[in-house]
Amino acid sequence: MKPIVLRGARVIDPSQSHDGVTDVLIEDGKIAAFGRGATRDGAEVIDVSGKVVTPGLIDIHVHLREPGREDVETVATGARAAAAGGFTAVCAMPNTDPVTDNQAAVGFIVKQAEAAGASRVYPIGAISLGSKGQQLAEFGEMVGAGAVAVSDDGKPVVSSHLMRTALEYAQTFGIPVADHCEDPTLFHGGCMHEGVVSARMGLRGIPSASEEIMVARDLLLAELTGGHIHLCHMSTRGSVELIRRAKERGVRVTAEATPHHFTLTDSACLGYNTNAKMNPPLREDPDVAAIRAAIKDGTIDVIASDHAPHHYDAKEREFDDAPFGIVGLETALGLGLTELVRGGVLTLPELVRRMTTEPARVFGLPGGTLKPGSPADVSVFDPEVRWSVDAGAFQSKSRNTPFAGRELWGRVERTIVGGKSVYAR
Amino acid sequence: MSAPALAKDLLGIEHLSAEQIRLVLDTAEPFKEVSERAIKKVPTLRGKTIVNLFYESSTRTRTSFEFAEKRLSADTVNIAASGSSIEKGENLVDTARNLEAMRIDMVVIRHPASGAAEFLAKRIRSNVINAGDGMHEHPTQAFLDLLTIRDRLGKIEGAKVCICGDILHSRVARSNIWGLLKLGAEVAVCGPRSLLPRGIESLGVRVFRRIDEAIQWADVLNVLRLQLERMQAGFIPSLREYNRVFGVTVERLARAPRKTLILHPGPMNRGVEIDSLVADGPQSVILDQVTNGVAVRMAVLYLLAGGNPERAEAAKGGAE
């Protein structure tokens, strides 16, 4: 493979505290040099002046639906959607059918990702067999096959004993335990945030306390065990406050938030819009403000999409009966740039950090840096281009997004994985 | 003078103006008389086809719509969830599109999911009338309640109306709250806190914790049915205790400072939310509500079919 020089871009690499115009040389799938004038004889020079170059974006929370629901997404289509969204690596949740709860299943995801040859896909193994919340899955064997974390996402870990054990046992392998925080006994058929909007619409609500109860429990168990708890898709101001206080007292907690939770409120459900139905649900203005502030101050470490493809038919029905979740890989960067950077919450380097260096750190992944010697996973985007979200043009097999038609800033120009362009406009 | 017409569909009261609500009530007045005739039929909707699509069991509402349609000479078909393709797993949008392919004019839909009527209305060209969607709205019930209150009190404005019982799960409560507030009534709710939606006060209603306080305050009590399932789901401990704490009884009504008007949307659980002596007593207008139900549904059908409200009297025409 010919060496590549990315010339003249604004290069932002939070891992080296770098933000300035420079050149990046890629050779043999690795970052070979970083600095003005970096080049190699015979290199392909790509002029990216006016663009932004960053370490490849990493999304630690996606659902790729394979095996089981290949009609709505596969590892290959998900990896291509990731590439189109500027992500060079994603972490696939194990709530497949059958559940990814053993080394063979983890190995299957790895194999499918290699065959796809798009963005990297790191499997997450289940915490419990079948994600049934009873017996621990074989963390060690799954890690051996390529799993980078464990989670029963889609469902909470109901048993406090099981969560305690998982937090203890995971320490042997140095992996985080990621939890979908929800008290199932408060669920009661809820399909959106419990508040004034749900009262008007006559829809059963999911109270904020449903999430916060489990956040509080998980923090206490992380404190008890010394384990690393990772809290998925945080949605409430109460959760943010609990995490902030836990971090102050040294609990090993990391947390993520999704673009939809820092962008939309429960009023997006009005008109019974099933593409605004997700779990955790869209909350209220003060929650959105708290999530944004937490992303700014580091209480929330990572932005992750919770990419959740569903079939058109499944969403084209009564709100009560539609499934939870939206696709997010191809809108995450644009929402971050539009809502957070142009919205005055973050600087561009701060956004890049929450989508590159931090996810790599939280899940212990390679990447998230442009230091020479690192894998050449690189994202190139143009922050000055405004585009309109066209769900029909998604690489993902599914189109379930509440952002269709929305104008976003920042278009992905090129995505490079291991020195190879897996997406180019 | 052009009157404030209704939109294509009647989905709820929340998005109607006070003028639109008054239009329906005023249009219902001349239609009341049709049901008092020996031959209860006028030719107003002759040639129109209407489907009554009921995904939930219903006696009162379905029959009331059917009489309203038949007395206006429409051709009607009833479809119930059981015994139809719905039972075979056909989804709502396919059912609706198939019906529309038969060139129908209107669909009256009752469905257990909130938003089902709006969902349908966005996907078919026919007029859609919401006959109750989940916990959301039941607009024709609100119209008949408003008409009944107006008949008895002379006006809605300034009336103190308390809706009692399971507000959380009630589409009747939501439609009544919007309609009463828009017409200038004072509205309160009373029930166990576990059966009131969070944030209900923000809609502009006051909350009474005890039924006795509500009775002291109200001109009108609209007593909702308490469903047995609420006890099984753990919202209240027992129907017996509900009756003791929240039941509208003769003894409690006797302490009211005025003759409180009693409404109930039915079907009643006698001895639970309402005592038989109250339901059958002189202050009860429960059967007037049912009579008015046919008239307001005739008005809604007439207006959605494009009828001119100023000609509703003439539209009755002669008996066929």
# chains A, B, ... in the order shown; residues from 1 in each chain; ligands from 1
call {"tool": "interface_residues", "arguments": {"of": "chain A", "to": "chain B", "cutoff": "8 Å", "atoms": "only C-alpha atoms", "output": "VMD selection string"}}
result
chain A and resid 194 to 196 199 to 203 271 to 272 317 to 320
call {"tool": "write_last_selection", "arguments": {"atoms": "all heavy atoms", "output": "short mmCIF file (atom, residue, chain, number, x, y, z; two decimals), in the first residue's frame"}}
result
data_model
loop_
_atom_site.label_atom_id
_atom_site.label_comp_id
_atom_site.auth_asym_id
_atom_site.auth_seq_id
_atom_site.Cartn_x
_atom_site.Cartn_y
_atom_site.Cartn_z
N GLU A 194 -41.85 10.30 31.70
CA GLU A 194 -43.03 10.67 32.48
C GLU A 194 -42.95 12.14 32.84
O GLU A 194 -42.04 12.57 33.55
CB GLU A 194 -43.11 9.83 33.76
CG GLU A 194 -44.35 10.17 34.57
CD GLU A 194 -44.44 9.35 35.85
OE1 GLU A 194 -44.56 8.12 35.75
OE2 GLU A 194 -44.36 9.94 36.93
N GLY A 195 -43.89 12.91 32.33
CA GLY A 195 -43.89 14.34 32.60
C GLY A 195 -45.15 14.96 32.02
O GLY A 195 -46.14 14.25 31.76
N VAL A 196 -45.12 16.24 31.83
CA VAL A 196 -46.32 16.93 31.36
C VAL A 196 -46.71 16.46 29.95
O VAL A 196 -47.89 16.30 29.65
CB VAL A 196 -46.09 18.46 31.38
CG1 VAL A 196 -47.31 19.18 30.81
CG2 VAL A 196 -45.81 18.92 32.80
N ALA A 199 -48.41 13.18 30.10
CA ALA A 199 -49.75 13.36 30.67
C ALA A 199 -50.72 13.85 29.61
O ALA A 199 -51.86 13.38 29.54
CB ALA A 199 -49.70 14.34 31.84
N ARG A 200 -50.27 14.78 28.78
CA ARG A 200 -51.15 15.30 27.71
C ARG A 200 -51.43 14.25 26.65
O ARG A 200 -52.53 14.17 26.12
CB ARG A 200 -50.48 16.48 27.01
CG ARG A 200 -50.31 17.69 27.86
CD ARG A 200 -49.35 18.64 27.18
NE ARG A 200 -50.03 19.42 26.18
CZ ARG A 200 -50.19 20.73 26.25
NH1 ARG A 200 -49.71 21.40 27.27
NH2 ARG A 200 -50.82 21.38 25.30
N MET A 201 -50.39 13.49 26.30
CA MET A 201 -50.54 12.54 25.20
C MET A 201 -51.22 11.25 25.63
O MET A 201 -51.56 10.41 24.80
CB MET A 201 -49.17 12.21 24.60
CG MET A 201 -48.51 13.41 23.92
SD MET A 201 -46.87 13.00 23.28
CE MET A 201 -47.31 11.95 21.89
N GLY A 202 -51.40 11.08 26.95
CA GLY A 202 -52.01 9.85 27.42
C GLY A 202 -51.12 8.64 27.21
O GLY A 202 -51.59 7.55 26.90
N LEU A 203 -49.82 8.85 27.34
CA LEU A 203 -48.88 7.73 27.21
C LEU A 203 -48.28 7.41 28.57
O LEU A 203 -48.04 8.31 29.38
CB LEU A 203 -47.77 8.08 26.21
CG LEU A 203 -48.23 8.21 24.75
CD1 LEU A 203 -47.10 8.75 23.88
CD2 LEU A 203 -48.72 6.87 24.20
N GLY A 271 -47.31 14.24 18.35
CA GLY A 271 -47.71 13.69 17.07
C GLY A 271 -47.47 12.18 17.03
O GLY A 271 -47.58 11.56 15.98
N TYR A 272 -47.14 11.62 18.18
CA TYR A 272 -46.89 10.16 18.29
C TYR A 272 -45.81 9.72 17.30
O TYR A 272 -45.96 8.74 16.58
CB TYR A 272 -48.20 9.38 18.14
CG TYR A 272 -49.20 9.77 19.20
CD1 TYR A 272 -50.15 10.76 18.98
CD2 TYR A 272 -49.16 9.20 20.46
CE1 TYR A 272 -51.01 11.18 19.97
CE2 TYR A 272 -50.02 9.60 21.46
CZ TYR A 272 -50.95 10.57 21.20
OH TYR A 272 -51.81 10.98 22.20
N ARG A 317 -46.23 2.23 13.27
CA ARG A 317 -47.38 1.69 13.98
C ARG A 317 -47.68 2.49 15.24
O ARG A 317 -47.08 3.54 15.45
CB ARG A 317 -47.15 0.22 14.30
CG ARG A 317 -45.90 -0.08 15.11
CD ARG A 317 -45.86 -1.56 15.40
NE ARG A 317 -47.21 -1.95 15.82
CZ ARG A 317 -47.68 -3.19 15.81
NH1 ARG A 317 -46.94 -4.17 15.39
NH2 ARG A 317 -48.90 -3.45 16.21
N GLU A 318 -48.64 2.00 16.02
CA GLU A 318 -49.06 2.71 17.21
C GLU A 318 -47.85 2.93 18.13
O GLU A 318 -47.01 2.05 18.27
CB GLU A 318 -50.13 1.90 17.96
CG GLU A 318 -51.40 1.64 17.17
CD GLU A 318 -51.34 0.36 16.33
OE1 GLU A 318 -50.30 0.09 15.69
OE2 GLU A 318 -52.33 -0.39 16.34
N PHE A 319 -47.81 4.10 18.78
CA PHE A 319 -46.65 4.46 19.60
C PHE A 319 -46.38 3.41 20.68
O PHE A 319 -45.23 3.02 20.90
CB PHE A 319 -46.90 5.83 20.25
CG PHE A 319 -45.66 6.50 20.75
CD1 PHE A 319 -44.93 7.35 19.93
CD2 PHE A 319 -45.21 6.30 22.05
CE1 PHE A 319 -43.78 7.99 20.39
CE2 PHE A 319 -44.06 6.93 22.52
CZ PHE A 319 -43.34 7.78 21.68
N ASP A 320 -47.43 2.95 21.34
CA ASP A 320 -47.28 1.93 22.39
C ASP A 320 -46.55 0.70 21.88
O ASP A 320 -45.82 0.05 22.63
CB ASP A 320 -48.67 1.46 22.87
CG ASP A 320 -49.25 2.37 23.94
OD1 ASP A 320 -48.47 3.06 24.62
OD2 ASP A 320 -50.49 2.39 24.08
#
call {"tool": "residues_around", "arguments": {"residues": "A:Leu136", "least_positions_apart": "4", "cutoff": "7 Å", "atoms": "only C-alpha atoms", "output": "CSV table (one decimal) with N, CA and C atoms, in the first residue's frame"}}
result
chain,number,residue,atom,x,y,z
A,127,ILE,N,-23.1,-9.9,30.1
A,127,ILE,CA,-22.7,-10.1,31.5
A,127,ILE,C,-23.2,-11.5,31.9
A,128,SER,N,-24.5,-11.8,31.5
A,128,SER,CA,-25.1,-13.0,32.0
A,128,SER,C,-25.5,-13.9,30.8
A,129,LEU,N,-25.5,-15.2,31.0
A,129,LEU,CA,-25.9,-16.1,29.9
A,129,LEU,C,-27.3,-15.7,29.4
call {"tool": "closest_residue", "arguments": {"among": "B:Arg46, B:Arg125, B:Arg103, B:His264", "to": "B:Ile163", "atoms": "only C-alpha atoms"}}
result
B:His264
call {"tool": "residues_around", "arguments": {"residues": "B:Asp151", "least_positions_apart": "3", "cutoff": "12 Å", "atoms": "only C-alpha atoms", "output": "ChimeraX atom specification"}}
result
/B:25-26,28-29,32,144-148,154-156,261,285,288-289,292
call {"tool": "write_last_selection", "arguments": {"atoms": "N, CA and C atoms", "output": "compact mmCIF listing (two decimals), in the first residue's frame"}}
result
# COMPACT_ATOMS: atom_id res chain seq x y z
N LEU B 25 -71.56 21.91 19.76
CA LEU B 25 -72.67 21.88 20.72
C LEU B 25 -73.92 22.54 20.12
N ASP B 26 -73.69 23.66 19.44
CA ASP B 26 -74.85 24.36 18.85
C ASP B 26 -75.46 23.55 17.71
N ALA B 28 -75.49 20.41 17.57
CA ALA B 28 -76.18 19.24 18.14
C ALA B 28 -77.62 19.57 18.53
N GLU B 29 -77.87 20.84 18.87
CA GLU B 29 -79.21 21.20 19.37
C GLU B 29 -80.33 20.78 18.42
N LYS B 32 -81.08 17.03 18.26
CA LYS B 32 -81.73 16.34 19.40
C LYS B 32 -83.15 15.92 19.02
N LEU B 144 -70.58 15.46 24.66
CA LEU B 144 -71.88 15.13 25.25
C LEU B 144 -71.93 15.52 26.72
N ASP B 145 -70.78 15.45 27.40
CA ASP B 145 -70.74 15.92 28.79
C ASP B 145 -70.96 17.43 28.85
N LEU B 146 -70.30 18.15 27.94
CA LEU B 146 -70.45 19.62 27.91
C LEU B 146 -71.89 20.01 27.59
N LEU B 147 -72.48 19.31 26.64
CA LEU B 147 -73.86 19.63 26.26
C LEU B 147 -74.79 19.38 27.44
N THR B 148 -74.56 18.30 28.16
CA THR B 148 -75.42 17.96 29.29
C THR B 148 -75.28 19.00 30.40
N GLY B 154 -77.27 26.02 32.08
CA GLY B 154 -77.47 27.18 31.23
C GLY B 154 -76.20 27.63 30.53
N LYS B 155 -75.07 27.47 31.20
CA LYS B 155 -73.80 27.79 30.55
C LYS B 155 -72.66 27.02 31.22
N ILE B 156 -71.56 26.94 30.49
CA ILE B 156 -70.39 26.23 31.00
C ILE B 156 -69.48 27.20 31.75
N LEU B 261 -74.60 18.41 40.43
CA LEU B 261 -75.00 17.63 39.26
C LEU B 261 -74.05 16.43 39.13
N VAL B 285 -77.60 12.95 35.94
CA VAL B 285 -78.00 13.22 34.55
C VAL B 285 -77.35 12.20 33.63
N ASP B 288 -79.31 11.36 30.55
CA ASP B 288 -79.34 12.51 29.64
C ASP B 288 -78.05 12.55 28.81
N GLN B 289 -76.95 12.19 29.47
CA GLN B 289 -75.68 12.15 28.74
C GLN B 289 -75.78 11.20 27.55
N ASN B 292 -77.88 12.71 24.81
CA ASN B 292 -77.12 13.76 24.13
C ASN B 292 -75.98 13.20 23.28
call {"tool": "atom_distance", "arguments": {"atom1": "atom CA of B:Val107", "atom2": "atom CA of B:Ser17"}}
result
22.8 Å
call {"tool": "select_by_dssp", "arguments": {"residues": "stretch 38-144 of chain A", "states": "helix (DSSP H, G or I)", "output": "PyMOL selection string"}}
result
chain A and resi 75-84+103-116+129-131+139-144
call {"tool": "write_last_selection", "arguments": {"atoms": "C-alpha atoms", "output": "compact mmCIF listing (two decimals), in the first residue's frame"}}
result
# COMPACT_ATOMS: atom_id res chain seq x y z
CA VAL A 75 -22.05 -6.23 10.98
CA ALA A 76 -21.04 -5.24 7.45
CA THR A 77 -23.74 -2.60 6.89
CA GLY A 78 -23.23 -1.29 10.41
CA ALA A 79 -19.48 -1.03 9.83
CA ARG A 80 -20.12 0.85 6.58
CA ALA A 81 -22.57 3.17 8.32
CA ALA A 82 -19.88 3.77 10.92
CA ALA A 83 -17.34 4.62 8.22
CA ALA A 84 -19.80 7.01 6.57
CA GLN A 103 -16.42 -16.98 22.84
CA ALA A 104 -17.79 -18.50 19.62
CA ALA A 105 -20.39 -15.77 19.31
CA VAL A 106 -17.79 -13.07 20.00
CA GLY A 107 -15.49 -14.66 17.42
CA PHE A 108 -18.30 -14.61 14.86
CA ILE A 109 -18.67 -10.83 15.18
CA VAL A 110 -14.89 -10.42 14.80
CA LYS A 111 -14.90 -12.59 11.68
CA GLN A 112 -17.86 -10.73 10.12
CA ALA A 113 -16.17 -7.41 10.79
CA GLU A 114 -12.93 -8.56 9.17
CA ALA A 115 -14.85 -9.76 6.12
CA ALA A 116 -16.64 -6.43 5.85
CA LEU A 129 -25.92 -16.07 29.90
CA GLY A 130 -28.65 -15.09 27.48
CA SER A 131 -28.65 -11.68 29.23
CA PHE A 139 -15.82 -13.13 30.57
CA GLY A 140 -12.33 -14.60 30.20
CA GLU A 141 -13.07 -16.63 27.11
CA MET A 142 -15.01 -13.79 25.52
CA VAL A 143 -12.13 -11.39 26.14
CA GLY A 144 -9.82 -13.99 24.62
call {"tool": "residues_around", "arguments": {"residues": "stretch 158-160 of chain A", "least_positions_apart": "2", "cutoff": "9 Å", "atoms": "only C-alpha atoms", "output": "PyMOL selection string"}}
result
chain A and resi 133-134+155-156+162-165+182-184+214+217-218+221
call {"tool": "write_last_selection", "arguments": {"atoms": "N, CA and C atoms", "output": "compact mmCIF listing (two decimals), in the first residue's frame"}}
result
# COMPACT_ATOMS: atom_id res chain seq x y z
N GLY A 133 -29.78 -12.40 33.28
CA GLY A 133 -29.61 -11.82 34.62
C GLY A 133 -29.43 -12.86 35.71
N GLN A 134 -29.03 -14.07 35.33
CA GLN A 134 -28.88 -15.10 36.35
C GLN A 134 -27.44 -15.56 36.53
N LYS A 155 -31.29 -4.41 28.52
CA LYS A 155 -31.92 -4.76 29.79
C LYS A 155 -31.00 -4.31 30.92
N PRO A 156 -31.57 -3.94 32.04
CA PRO A 156 -30.73 -3.67 33.20
C PRO A 156 -30.29 -4.98 33.86
N LEU A 162 -25.66 -10.05 41.20
CA LEU A 162 -25.02 -10.34 39.91
C LEU A 162 -24.14 -9.16 39.48
N MET A 163 -24.62 -7.95 39.66
CA MET A 163 -23.83 -6.78 39.27
C MET A 163 -22.57 -6.68 40.12
N ARG A 164 -22.71 -6.97 41.39
CA ARG A 164 -21.54 -6.95 42.27
C ARG A 164 -20.51 -7.96 41.78
N THR A 165 -20.99 -9.17 41.51
CA THR A 165 -20.08 -10.23 41.07
C THR A 165 -19.41 -9.86 39.75
N GLU A 182 -31.90 0.98 34.59
CA GLU A 182 -33.35 1.10 34.58
C GLU A 182 -33.92 0.17 35.63
N ASP A 183 -34.78 0.70 36.48
CA ASP A 183 -35.46 -0.15 37.46
C ASP A 183 -36.69 -0.74 36.79
N PRO A 184 -36.66 -2.05 36.48
CA PRO A 184 -37.75 -2.61 35.68
C PRO A 184 -39.09 -2.61 36.41
N MET A 214 -30.98 2.98 39.56
CA MET A 214 -29.95 2.02 39.16
C MET A 214 -28.57 2.66 39.07
N ARG A 217 -27.37 2.67 42.58
CA ARG A 217 -26.97 1.33 43.00
C ARG A 217 -25.63 0.95 42.37
N ASP A 218 -25.50 1.18 41.08
CA ASP A 218 -24.27 0.80 40.40
C ASP A 218 -23.06 1.53 40.97
N LEU A 221 -22.12 -0.08 44.18
CA LEU A 221 -21.47 -1.39 43.99
C LEU A 221 -20.06 -1.23 43.41
call {"tool": "closest_residue", "arguments": {"among": "B:Lys70, B:Phe54, B:Gln216, B:Val161", "to": "B:Ile86", "atoms": "only C-alpha atoms"}}
result
B:Phe54
